[in-house]
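A.B. asks: Got final-v7.pdb for you, PDB, C-alpha atoms and all ligand atoms:
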```pdb
ATOM      1  CA  MET V   1      75.375  -7.315 -11.010  1.00  0.00           C
ATOM      2  CA  ARG V   2      74.394 -10.070 -13.382  1.00  0.00           C
ATOM      3  CA  GLY V   3      70.728  -9.606 -12.496  1.00  0.00           C
ATOM      4  CA  ARG V   4      70.928  -5.912 -13.277  1.00  0.00           C
ATOM      5  CA  SER V   5      72.528  -6.309 -16.689  1.00  0.00           C
ATOM      6  CA  ALA V   6      70.030  -9.019 -17.610  1.00  0.00           C
ATOM      7  CA  ALA V   7      67.224  -6.629 -16.693  1.00  0.00           C
ATOM      8  CA  LEU V   8      68.847  -3.846 -18.754  1.00  0.00           C
ATOM      9  CA  ALA V   9      69.254  -6.135 -21.716  1.00  0.00           C
ATOM     10  CA  GLY V  10      65.556  -7.058 -21.424  1.00  0.00           C
ATOM     11  CA  LEU V  11      64.615  -3.373 -21.280  1.00  0.00           C
ATOM     12  CA  ALA V  12      66.750  -2.573 -24.314  1.00  0.00           C
ATOM     13  CA  ALA V  13      65.027  -5.332 -26.235  1.00  0.00           C
ATOM     14  CA  ALA V  14      61.619  -3.991 -25.219  1.00  0.00           C
ATOM     15  CA  ILE V  15      62.603  -0.456 -26.259  1.00  0.00           C
ATOM     16  CA  TRP V  16      63.953  -1.690 -29.583  1.00  0.00           C
ATOM     17  CA  VAL V  17      60.781  -3.674 -30.317  1.00  0.00           C
ATOM     18  CA  GLY V  18      58.655  -0.725 -29.219  1.00  0.00           C
ATOM     19  CA  CYS V  19      60.473   1.645 -31.553  1.00  0.00           C
ATOM     20  CA  THR V  20      60.548  -0.636 -34.568  1.00  0.00           C
ATOM     21  CA  PRO V  21      57.660   0.183 -36.905  1.00  0.00           C
ATOM     22  CA  ALA V  22      55.247  -2.718 -37.390  1.00  0.00           C
ATOM     23  CA  THR V  23      55.876  -2.550 -41.126  1.00  0.00           C
ATOM     24  CA  PRO V  24      59.467  -2.001 -42.204  1.00  0.00           C
ATOM     25  CA  GLU V  25      59.770   1.189 -44.266  1.00  0.00           C
ATOM     26  CA  VAL V  26      62.600  -0.176 -46.352  1.00  0.00           C
ATOM     27  CA  LYS V  27      62.203  -3.618 -47.845  1.00  0.00           C
ATOM     28  CA  GLU V  28      65.083  -6.046 -48.109  1.00  0.00           C
ATOM     29  CA  PRO V  29      65.758  -7.251 -51.646  1.00  0.00           C
ATOM     30  CA  GLY V  30      63.495 -10.207 -52.388  1.00  0.00           C
ATOM     31  CA  GLU V  31      61.133  -9.419 -49.515  1.00  0.00           C
ATOM     32  CA  SER V  32      57.509  -9.847 -50.576  1.00  0.00           C
ATOM     33  CA  ASP V  33      54.937  -7.076 -50.897  1.00  0.00           C
ATOM     34  CA  LEU V  34      52.508  -9.043 -48.769  1.00  0.00           C
ATOM     35  CA  LEU V  35      53.028  -6.925 -45.649  1.00  0.00           C
ATOM     36  CA  ASP V  36      52.055  -3.749 -47.487  1.00  0.00           C
ATOM     37  CA  LEU V  37      49.012  -5.355 -49.081  1.00  0.00           C
ATOM     38  CA  GLU V  38      47.928  -6.696 -45.734  1.00  0.00           C
ATOM     39  CA  ARG V  39      47.827  -3.154 -44.393  1.00  0.00           C
ATOM     40  CA  MET V  40      45.459  -2.194 -47.206  1.00  0.00           C
ATOM     41  CA  ILE V  41      43.267  -5.224 -46.688  1.00  0.00           C
ATOM     42  CA  HIS V  42      42.852  -4.548 -42.991  1.00  0.00           C
ATOM     43  CA  GLN V  43      42.434  -0.783 -43.112  1.00  0.00           C
ATOM     44  CA  LYS V  44      39.122   0.862 -42.170  1.00  0.00           C
ATOM     45  CA  ARG V  45      36.949   0.988 -45.247  1.00  0.00           C
ATOM     46  CA  TYR V  46      33.368   0.905 -46.453  1.00  0.00           C
ATOM     47  CA  ALA V  47      31.736  -2.046 -48.167  1.00  0.00           C
ATOM     48  CA  PRO V  48      29.355  -1.402 -51.114  1.00  0.00           C
ATOM     49  CA  TYR V  49      25.796  -0.324 -50.110  1.00  0.00           C
ATOM     50  CA  GLU V  50      26.875   0.712 -46.596  1.00  0.00           C
ATOM     51  CA  PRO V  51      25.565   3.944 -45.084  1.00  0.00           C
ATOM     52  CA  ALA V  52      28.143   6.752 -44.886  1.00  0.00           C
ATOM     53  CA  GLU V  53      27.641   9.995 -42.973  1.00  0.00           C
ATOM     54  CA  MET V  54      30.193  11.883 -45.043  1.00  0.00           C
ATOM     55  CA  PHE V  55      27.907  12.115 -48.091  1.00  0.00           C
ATOM     56  CA  ASP V  56      24.671  14.155 -48.172  1.00  0.00           C
ATOM     57  CA  ASN V  57      22.494  11.231 -49.199  1.00  0.00           C
ATOM     58  CA  GLY V  58      23.940   9.027 -46.453  1.00  0.00           C
ATOM     59  CA  ALA V  59      25.051   6.258 -48.841  1.00  0.00           C
ATOM     60  CA  VAL V  60      28.611   5.255 -49.596  1.00  0.00           C
ATOM     61  CA  MET V  61      27.900   4.460 -53.237  1.00  0.00           C
ATOM     62  CA  ARG V  62      27.969   7.454 -55.572  1.00  0.00           C
ATOM     63  CA  HIS V  63      25.775   8.222 -58.566  1.00  0.00           C
ATOM     64  CA  PRO V  64      27.723   8.608 -61.806  1.00  0.00           C
ATOM     65  CA  PRO V  65      27.687  12.198 -63.103  1.00  0.00           C
ATOM     66  CA  GLY V  66      24.749  12.989 -65.430  1.00  0.00           C
ATOM     67  CA  GLY V  67      25.345  11.894 -69.009  1.00  0.00           C
ATOM     68  CA  THR V  68      27.898   9.210 -68.124  1.00  0.00           C
ATOM     69  CA  VAL V  69      27.885   6.314 -70.610  1.00  0.00           C
ATOM     70  CA  PRO V  70      29.051   2.869 -69.438  1.00  0.00           C
ATOM     71  CA  ASN V  71      32.012   1.816 -71.565  1.00  0.00           C
ATOM     72  CA  ASP V  72      30.365  -1.515 -72.433  1.00  0.00           C
ATOM     73  CA  ARG V  73      27.042  -0.040 -73.588  1.00  0.00           C
ATOM     74  CA  VAL V  74      26.348  -0.831 -77.214  1.00  0.00           C
ATOM     75  CA  THR V  75      25.648   2.438 -78.968  1.00  0.00           C
ATOM     76  CA  GLY V  76      25.041   3.355 -82.567  1.00  0.00           C
ATOM     77  CA  ASP V  77      22.853   2.135 -85.403  1.00  0.00           C
ATOM     78  CA  PRO V  78      21.199  -1.143 -84.294  1.00  0.00           C
ATOM     79  CA  GLY V  79      21.383  -2.455 -87.872  1.00  0.00           C
ATOM     80  CA  LEU V  80      25.151  -2.235 -87.607  1.00  0.00           C
ATOM     81  CA  THR V  81      25.548  -3.294 -83.975  1.00  0.00           C
ATOM     82  CA  ARG V  82      22.791  -5.933 -83.623  1.00  0.00           C
ATOM     83  CA  GLY V  83      22.005  -6.890 -87.220  1.00  0.00           C
ATOM     84  CA  VAL V  84      18.371  -5.857 -86.732  1.00  0.00           C
ATOM     85  CA  THR V  85      16.721  -2.567 -87.604  1.00  0.00           C
ATOM     86  CA  GLY V  86      13.038  -1.605 -87.363  1.00  0.00           C
ATOM     87  CA  GLY V  87      12.212  -5.178 -86.311  1.00  0.00           C
ATOM     88  CA  ALA V  88      13.799  -6.739 -89.432  1.00  0.00           C
ATOM     89  CA  TYR V  89      17.162  -8.394 -90.102  1.00  0.00           C
ATOM     90  CA  VAL V  90      19.401  -6.218 -92.242  1.00  0.00           C
ATOM     91  CA  ASP V  91      19.458  -7.668 -95.748  1.00  0.00           C
ATOM     92  CA  ARG V  92      22.801  -6.149 -96.753  1.00  0.00           C
ATOM     93  CA  ILE V  93      26.126  -6.191 -94.964  1.00  0.00           C
ATOM     94  CA  PRO V  94      26.236  -2.608 -93.640  1.00  0.00           C
ATOM     95  CA  ILE V  95      29.987  -2.056 -94.140  1.00  0.00           C
ATOM     96  CA  PRO V  96      31.860  -1.995 -97.465  1.00  0.00           C
ATOM     97  CA  VAL V  97      32.468  -5.555 -98.634  1.00  0.00           C
ATOM     98  CA  THR V  98      35.927  -5.742-100.165  1.00  0.00           C
ATOM     99  CA  LEU V  99      38.166  -8.678-101.023  1.00  0.00           C
ATOM    100  CA  GLU V 100      40.268  -7.698 -98.029  1.00  0.00           C
ATOM    101  CA  LEU V 101      37.203  -7.906 -95.732  1.00  0.00           C
ATOM    102  CA  VAL V 102      36.226 -11.341 -97.037  1.00  0.00           C
ATOM    103  CA  GLN V 103      39.782 -12.620 -96.585  1.00  0.00           C
ATOM    104  CA  TYR V 104      39.812 -11.212 -93.086  1.00  0.00           C
ATOM    105  CA  GLY V 105      36.493 -12.993 -92.523  1.00  0.00           C
ATOM    106  CA  GLN V 106      38.069 -16.264 -93.655  1.00  0.00           C
ATOM    107  CA  ASP V 107      40.850 -15.835 -91.123  1.00  0.00           C
ATOM    108  CA  ARG V 108      38.364 -15.095 -88.300  1.00  0.00           C
ATOM    109  CA  TYR V 109      35.938 -17.824 -89.430  1.00  0.00           C
ATOM    110  CA  GLU V 110      38.667 -20.445 -89.336  1.00  0.00           C
ATOM    111  CA  ILE V 111      39.613 -19.344 -85.822  1.00  0.00           C
ATOM    112  CA  PHE V 112      36.149 -18.983 -84.298  1.00  0.00           C
ATOM    113  CA  CYS V 113      33.678 -21.067 -86.281  1.00  0.00           C
ATOM    114  CA  GLY V 114      35.500 -23.706 -88.313  1.00  0.00           C
ATOM    115  CA  ALA V 115      36.219 -25.956 -85.327  1.00  0.00           C
ATOM    116  CA  CYS V 116      32.491 -26.726 -85.119  1.00  0.00           C
ATOM    117  CA  HIS V 117      30.933 -25.823 -88.482  1.00  0.00           C
ATOM    118  CA  GLY V 118      33.870 -27.206 -90.478  1.00  0.00           C
ATOM    119  CA  VAL V 119      36.586 -25.251 -92.272  1.00  0.00           C
ATOM    120  CA  ALA V 120      34.531 -25.535 -95.470  1.00  0.00           C
ATOM    121  CA  GLY V 121      31.346 -24.539 -93.616  1.00  0.00           C
ATOM    122  CA  ASP V 122      29.709 -27.886 -94.396  1.00  0.00           C
ATOM    123  CA  GLY V 123      29.259 -28.960 -90.767  1.00  0.00           C
ATOM    124  CA  GLU V 124      31.962 -31.626 -91.038  1.00  0.00           C
ATOM    125  CA  SER V 125      34.281 -31.328 -88.062  1.00  0.00           C
ATOM    126  CA  GLU V 126      35.731 -33.364 -85.268  1.00  0.00           C
ATOM    127  CA  VAL V 127      33.586 -31.438 -82.767  1.00  0.00           C
ATOM    128  CA  ALA V 128      30.429 -32.007 -84.812  1.00  0.00           C
ATOM    129  CA  ARG V 129      31.128 -35.739 -84.981  1.00  0.00           C
ATOM    130  CA  HIS V 130      31.224 -35.856 -81.194  1.00  0.00           C
ATOM    131  CA  MET V 131      28.195 -33.671 -80.467  1.00  0.00           C
ATOM    132  CA  THR V 132      25.393 -35.981 -79.506  1.00  0.00           C
ATOM    133  CA  GLN V 133      22.562 -33.560 -78.737  1.00  0.00           C
ATOM    134  CA  ARG V 134      22.422 -31.301 -81.802  1.00  0.00           C
ATOM    135  CA  ARG V 135      25.253 -30.950 -84.279  1.00  0.00           C
ATOM    136  CA  PRO V 136      26.458 -27.588 -85.584  1.00  0.00           C
ATOM    137  CA  PRO V 137      24.609 -27.326 -88.897  1.00  0.00           C
ATOM    138  CA  SER V 138      26.204 -26.887 -92.301  1.00  0.00           C
ATOM    139  CA  LEU V 139      26.360 -23.173 -93.033  1.00  0.00           C
ATOM    140  CA  VAL V 140      26.456 -23.713 -96.801  1.00  0.00           C
ATOM    141  CA  ASP V 141      23.068 -25.433 -96.968  1.00  0.00           C
ATOM    142  CA  ALA V 142      20.191 -23.580 -98.611  1.00  0.00           C
ATOM    143  CA  ARG V 143      18.404 -23.015 -95.272  1.00  0.00           C
ATOM    144  CA  ILE V 144      21.214 -20.979 -93.738  1.00  0.00           C
ATOM    145  CA  GLN V 145      22.403 -19.428 -97.002  1.00  0.00           C
ATOM    146  CA  ALA V 146      18.859 -18.019 -97.306  1.00  0.00           C
ATOM    147  CA  PHE V 147      19.299 -16.155 -94.008  1.00  0.00           C
ATOM    148  CA  PRO V 148      19.623 -12.385 -94.425  1.00  0.00           C
ATOM    149  CA  PRO V 149      23.115 -11.244 -93.327  1.00  0.00           C
ATOM    150  CA  GLY V 150      21.632  -9.653 -90.189  1.00  0.00           C
ATOM    151  CA  ARG V 151      20.413 -13.065 -89.029  1.00  0.00           C
ATOM    152  CA  VAL V 152      23.864 -14.686 -89.263  1.00  0.00           C
ATOM    153  CA  TYR V 153      25.279 -11.621 -87.525  1.00  0.00           C
ATOM    154  CA  GLN V 154      22.704 -11.961 -84.748  1.00  0.00           C
ATOM    155  CA  VAL V 155      23.655 -15.620 -84.178  1.00  0.00           C
ATOM    156  CA  ILE V 156      27.275 -14.501 -83.663  1.00  0.00           C
ATOM    157  CA  VAL V 157      26.237 -11.744 -81.232  1.00  0.00           C
ATOM    158  CA  GLU V 158      23.522 -13.539 -79.280  1.00  0.00           C
ATOM    159  CA  GLY V 159      24.283 -17.216 -79.809  1.00  0.00           C
ATOM    160  CA  TYR V 160      21.602 -19.677 -80.833  1.00  0.00           C
ATOM    161  CA  GLY V 161      20.311 -22.689 -78.883  1.00  0.00           C
ATOM    162  CA  LEU V 162      23.365 -24.721 -77.905  1.00  0.00           C
ATOM    163  CA  MET V 163      25.745 -22.262 -79.534  1.00  0.00           C
ATOM    164  CA  ARG V 164      27.053 -19.594 -77.218  1.00  0.00           C
ATOM    165  CA  SER V 165      27.338 -15.879 -77.913  1.00  0.00           C
ATOM    166  CA  TYR V 166      30.611 -14.699 -79.422  1.00  0.00           C
ATOM    167  CA  GLU V 167      29.864 -11.049 -78.643  1.00  0.00           C
ATOM    168  CA  PRO V 168      32.675 -10.679 -76.103  1.00  0.00           C
ATOM    169  CA  ASN V 169      35.262 -12.344 -78.344  1.00  0.00           C
ATOM    170  CA  ILE V 170      34.586 -10.986 -81.804  1.00  0.00           C
ATOM    171  CA  PRO V 171      34.364  -7.220 -82.352  1.00  0.00           C
ATOM    172  CA  LEU V 172      31.845  -5.635 -84.713  1.00  0.00           C
ATOM    173  CA  ARG V 173      33.893  -5.416 -87.918  1.00  0.00           C
ATOM    174  CA  GLU V 174      35.145  -8.984 -87.517  1.00  0.00           C
ATOM    175  CA  ARG V 175      31.566 -10.223 -87.122  1.00  0.00           C
ATOM    176  CA  TRP V 176      30.522  -8.650 -90.417  1.00  0.00           C
ATOM    177  CA  ALA V 177      33.676  -9.981 -92.039  1.00  0.00           C
ATOM    178  CA  ILE V 178      32.682 -13.488 -90.903  1.00  0.00           C
ATOM    179  CA  VAL V 179      29.133 -12.974 -92.234  1.00  0.00           C
ATOM    180  CA  ALA V 180      30.623 -11.992 -95.602  1.00  0.00           C
ATOM    181  CA  TYR V 181      32.801 -15.097 -95.602  1.00  0.00           C
ATOM    182  CA  VAL V 182      29.870 -17.388 -94.681  1.00  0.00           C
ATOM    183  CA  LYS V 183      28.059 -15.960 -97.729  1.00  0.00           C
ATOM    184  CA  ALA V 184      31.183 -16.504 -99.826  1.00  0.00           C
ATOM    185  CA  LEU V 185      31.406 -20.125 -98.653  1.00  0.00           C
ATOM    186  CA  GLY V 186      27.802 -20.630 -99.798  1.00  0.00           C
ATOM    187  CA  ARG V 187      28.532 -19.149-103.202  1.00  0.00           C
ATOM    188  CA  SER V 188      31.634 -21.245-103.604  1.00  0.00           C
ATOM    189  CA  ARG V 189      29.414 -24.317-103.330  1.00  0.00           C
ATOM    190  CA  ALA V 190      26.896 -23.316-105.914  1.00  0.00           C
ATOM    191  CA  ALA V 191      28.877 -21.255-108.427  1.00  0.00           C
ATOM    192  CA  ALA V 192      28.410 -22.151-112.071  1.00  0.00           C
ATOM    193  CA  LEU V 193      31.795 -22.519-113.771  1.00  0.00           C
ATOM    194  CA  ASP V 194      30.926 -20.185-116.636  1.00  0.00           C
ATOM    195  CA  ALA V 195      29.835 -17.467-114.158  1.00  0.00           C
ATOM    196  CA  LEU V 196      33.459 -17.180-112.998  1.00  0.00           C
ATOM    197  CA  PRO V 197      35.848 -14.635-114.512  1.00  0.00           C
ATOM    198  CA  PRO V 198      38.181 -16.451-116.970  1.00  0.00           C
ATOM    199  CA  PRO V 199      41.343 -16.616-114.789  1.00  0.00           C
ATOM    200  CA  LEU V 200      39.344 -18.077-111.883  1.00  0.00           C
ATOM    201  CA  ARG V 201      37.549 -20.484-114.219  1.00  0.00           C
ATOM    202  CA  GLU V 202      40.882 -21.798-115.462  1.00  0.00           C
ATOM    203  CA  ARG V 203      42.141 -22.220-111.924  1.00  0.00           C
ATOM    204  CA  ALA V 204      38.939 -23.998-110.868  1.00  0.00           C
ATOM    205  CA  LEU V 205      39.173 -26.384-113.828  1.00  0.00           C
ATOM    206  CA  LYS V 206      42.765 -27.161-112.917  1.00  0.00           C
ATOM    207  CA  GLU V 207      42.394 -27.480-109.141  1.00  0.00           C
ATOM    208  CA  LEU V 208      38.917 -28.940-108.583  1.00  0.00           C
ATOM    209  CA  PRO V 209      38.451 -32.657-108.980  1.00  0.00           C
TER     210      PRO V 209
HETATM  211  C1  LIG V 301      31.454 -24.867 -80.165  1.00  0.00           C
HETATM  212  C2  LIG V 301      30.826 -25.115 -81.436  1.00  0.00           C
HETATM  213  C3  LIG V 301      30.379 -23.934 -82.272  1.00  0.00           C
HETATM  214  C4  LIG V 301      31.108 -22.847 -82.677  1.00  0.00           C
HETATM  215  C5  LIG V 301      32.562 -22.533 -82.370  1.00  0.00           C
HETATM  216  C6  LIG V 301      30.229 -22.046 -83.501  1.00  0.00           C
HETATM  217  N1  LIG V 301      29.008 -22.636 -83.588  1.00  0.00           N
HETATM  218 FE1  LIG V 301      27.441 -22.002 -84.697  1.00  0.00          FE
HETATM  219  N2  LIG V 301      26.302 -23.510 -83.984  1.00  0.00           N
HETATM  220  C7  LIG V 301      26.739 -24.529 -83.161  1.00  0.00           C
HETATM  221  C8  LIG V 301      25.647 -25.414 -82.847  1.00  0.00           C
HETATM  222  C9  LIG V 301      25.708 -26.661 -81.946  1.00  0.00           C
HETATM  223  C10 LIG V 301      24.523 -24.896 -83.505  1.00  0.00           C
HETATM  224  C11 LIG V 301      23.095 -25.444 -83.446  1.00  0.00           C
HETATM  225  C12 LIG V 301      22.477 -24.931 -82.170  1.00  0.00           C
HETATM  226  C13 LIG V 301      21.113 -25.488 -81.863  1.00  0.00           C
HETATM  227  O1  LIG V 301      20.409 -25.884 -82.808  1.00  0.00           O
HETATM  228  O2  LIG V 301      20.759 -25.453 -80.692  1.00  0.00           O
HETATM  229  C14 LIG V 301      24.978 -23.718 -84.239  1.00  0.00           C
HETATM  230  C15 LIG V 301      24.174 -22.958 -85.061  1.00  0.00           C
HETATM  231  C16 LIG V 301      24.615 -21.939 -85.878  1.00  0.00           C
HETATM  232  C17 LIG V 301      23.827 -21.266 -86.884  1.00  0.00           C
HETATM  233  C18 LIG V 301      22.384 -21.584 -87.247  1.00  0.00           C
HETATM  234  C19 LIG V 301      21.403 -20.834 -86.415  1.00  0.00           C
HETATM  235  C20 LIG V 301      19.989 -21.114 -86.866  1.00  0.00           C
HETATM  236  O3  LIG V 301      19.208 -20.159 -86.840  1.00  0.00           O
HETATM  237  O4  LIG V 301      19.667 -22.254 -87.206  1.00  0.00           O
HETATM  238  C21 LIG V 301      24.636 -20.332 -87.471  1.00  0.00           C
HETATM  239  C22 LIG V 301      24.247 -19.356 -88.584  1.00  0.00           C
HETATM  240  C23 LIG V 301      25.930 -20.410 -86.829  1.00  0.00           C
HETATM  241  N3  LIG V 301      25.876 -21.406 -85.867  1.00  0.00           N
HETATM  242  C24 LIG V 301      27.007 -19.630 -87.152  1.00  0.00           C
HETATM  243  C25 LIG V 301      28.225 -19.662 -86.479  1.00  0.00           C
HETATM  244  C26 LIG V 301      29.313 -18.749 -86.719  1.00  0.00           C
HETATM  245  C27 LIG V 301      29.297 -17.663 -87.775  1.00  0.00           C
HETATM  246  C28 LIG V 301      30.303 -19.081 -85.853  1.00  0.00           C
HETATM  247  C29 LIG V 301      31.630 -18.399 -85.646  1.00  0.00           C
HETATM  248  C30 LIG V 301      31.565 -17.035 -85.192  1.00  0.00           C
HETATM  249  C31 LIG V 301      29.841 -20.216 -85.073  1.00  0.00           C
HETATM  250  N4  LIG V 301      28.585 -20.523 -85.477  1.00  0.00           N
HETATM  251  C32 LIG V 301      30.603 -20.860 -84.107  1.00  0.00           C
HETATM  252  C33 LIG V 301      28.019 -24.704 -82.676  1.00  0.00           C
HETATM  253  C34 LIG V 301      29.050 -23.792 -82.848  1.00  0.00           C
END
```
How does the structure come out when it is put into structure tokens?
Ligand code: HEC

C.D. replies:
Amino acid sequence: MRGRSAALAGLAAAIWVGCTPATPEVKEPGESDLLDLERMIHQKRYAPYEPAEMFDNGAVMRHPPGGTVPNDRVTGDPGLTRGVTGGAYVDRIPIPVTLELVQYGQDRYEIFCGACHGVAGDGESEVARHMTQRRPPSLVDARIQAFPPGRVYQVIVEGYGLMRSYEPNIPLRERWAIVAYVKALGRSRAAALDALPPPLRERALKELP
């Protein structure tokens, strides 16, 4: 008798295991999603570049429909997007330069450039003091102030020597805003007092040493 019930119990267990789906349909609270993901990872699938009979050209990878533009392709006027047009640097900032733009440029400059080139643009910074190979130059010196705006813009987009490209981090309008502010920093160094409008002249006389 005992032998028979033990065998039945074993059979019941086997039936129960056999009928239980490998992956529970309903998850207990707190149970992880790992089981479900695992099923996706181990399913039958194609790897890139593999042949595939289901498509006419026998390849698994598809051609994008004609006229598709990649979302990271730089389009538009190269003077605006690259700072260079017809083989020459643009010599004017190609968006309207307003006080608001320059102030925006200051904000962006202090975030992205000041750590190396100095908040005042003079190349004095903690990073510069510790760079042994080549220091970030002063951006208010005559050499760089003589750059056409397109050249400063290009340095931001493409990087220069040891300096990396900031293209992925700084969008187009912000780049031009920074260029405007770099020019403003240069002017602030060399401005003659009597060229300032009277209210600014008074403030400069009061605040500058
Ligand atoms: C991590 C430090 C660092 C940051 C941040 C940085 N630069 Fe530079 N920059 C350098 C260094 C170093 C050089 C010199 C590179 C060389 O000579 O190889 C340089 C060079 C330059 C030059 C001169 C290029 C030339 O033709 O001589 C300009 C202009 C410039 N940077 C502008 C900027 C602007 C604008 C920003 C902010 C968007 C910026 N840099 C952010 C380190 C930096």

A.B. asks: Which residues sit within 10 Å of ligand LIG 301 (chain V), counting all atoms listed in the file, listed as a PyMOL selection string?

C.D. replies: chain V and resi 105+108-118+121+123+125+127-128+131-140+143-145+147+149+151-157+159-167+169-170+174-182

A.B. asks: Any chance you could resolve the PyMOL selection byres (((chain V and resi 75-81) around 7) and not hetatm) against this file and give the residues as a ChimeraX atom specification?

C.D. replies: /V:73-74,82-85,90,94,172

A.B. asks: Have a look at CA of Pro197 in chain V and CA of Arg173 in chain V and let me know their distance in Å, one decimal.

C.D. replies: 28.2 Å

A.B. asks: May I ask for the distance between CA of Arg189 in chain V and CA of Leu99 in chain V, given in Å to one decimal place?

C.D. replies: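 We find that CA of Arg189 in chain V and CA of Leu99 in chain V lie 18.1 Å from each other.
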
A.B. asks: Record the distance separating CA of Asp56 in chain V and CA of Asn71 in chain V, expressed in Å with one decimal.

C.D. replies: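 Taking CA of Asp56 in chain V and CA of Asn71 in chain V, their separation equals 27.4 Å.
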
A.B. asks: Taking only C-alpha atoms into account, name the residue in V:Tyr104, V:Pro168, V:Ala52, V:Pro198 that is nearest to Asp72 in chain V.

C.D. replies: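 The closest residue to Asp72 in chain V is V:Pro168.
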
A.B. asks: Taking the file as shown, find all residues satisfying the PyMOL selection byres (((chain V and resi 188) around 12) and not hetatm) and write them as a list in words.

C.D. replies: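 Listing what the PyMOL selection byres (((chain V and resi 188) around 12) and not hetatm) selects in the shown file: Ala120, Gly121, Asp122, Leu139, Val140, Asp141, Gln145, Tyr181, Val182, Lys183, Ala184, Leu185, Gly186, Arg187, Arg189, Ala190, Ala191, Ala192, Leu193, Ala195, Leu196, Leu200, Ala204 and Leu208 of chain V.
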
A.B. asks: Axis-aligned box over every listed atom of range 120-132 of chain V, padded by 3 Å per side: centre and edges in Å to one decimal, as lines of an AutoDock Vina configuration file?

C.D. replies:
```
center_x = 30.6
center_y = -30.3
center_z = -87.5
size_x = 16.3
size_y = 17.4
size_z = 22.0
```

A.B. asks: Report as a tab-separated table (two decimals) with C-alpha atoms, in the frame of the given file all protein, DNA and RNA residues lying within 10 Å of range 57-63 of chain V, evaluated on all atoms listed in the file, omitting residues in the same chain fewer than 4 positions from it.

C.D. replies:
```
chain	number	residue	atom	x	y	z
V	46	TYR	CA	33.37	0.90	-46.45
V	47	ALA	CA	31.74	-2.05	-48.17
V	48	PRO	CA	29.36	-1.40	-51.11
V	49	TYR	CA	25.80	-0.32	-50.11
V	50	GLU	CA	26.88	0.71	-46.60
V	51	PRO	CA	25.56	3.94	-45.08
V	52	ALA	CA	28.14	6.75	-44.89
V	53	GLU	CA	27.64	9.99	-42.97
V	68	THR	CA	27.90	9.21	-68.12
```
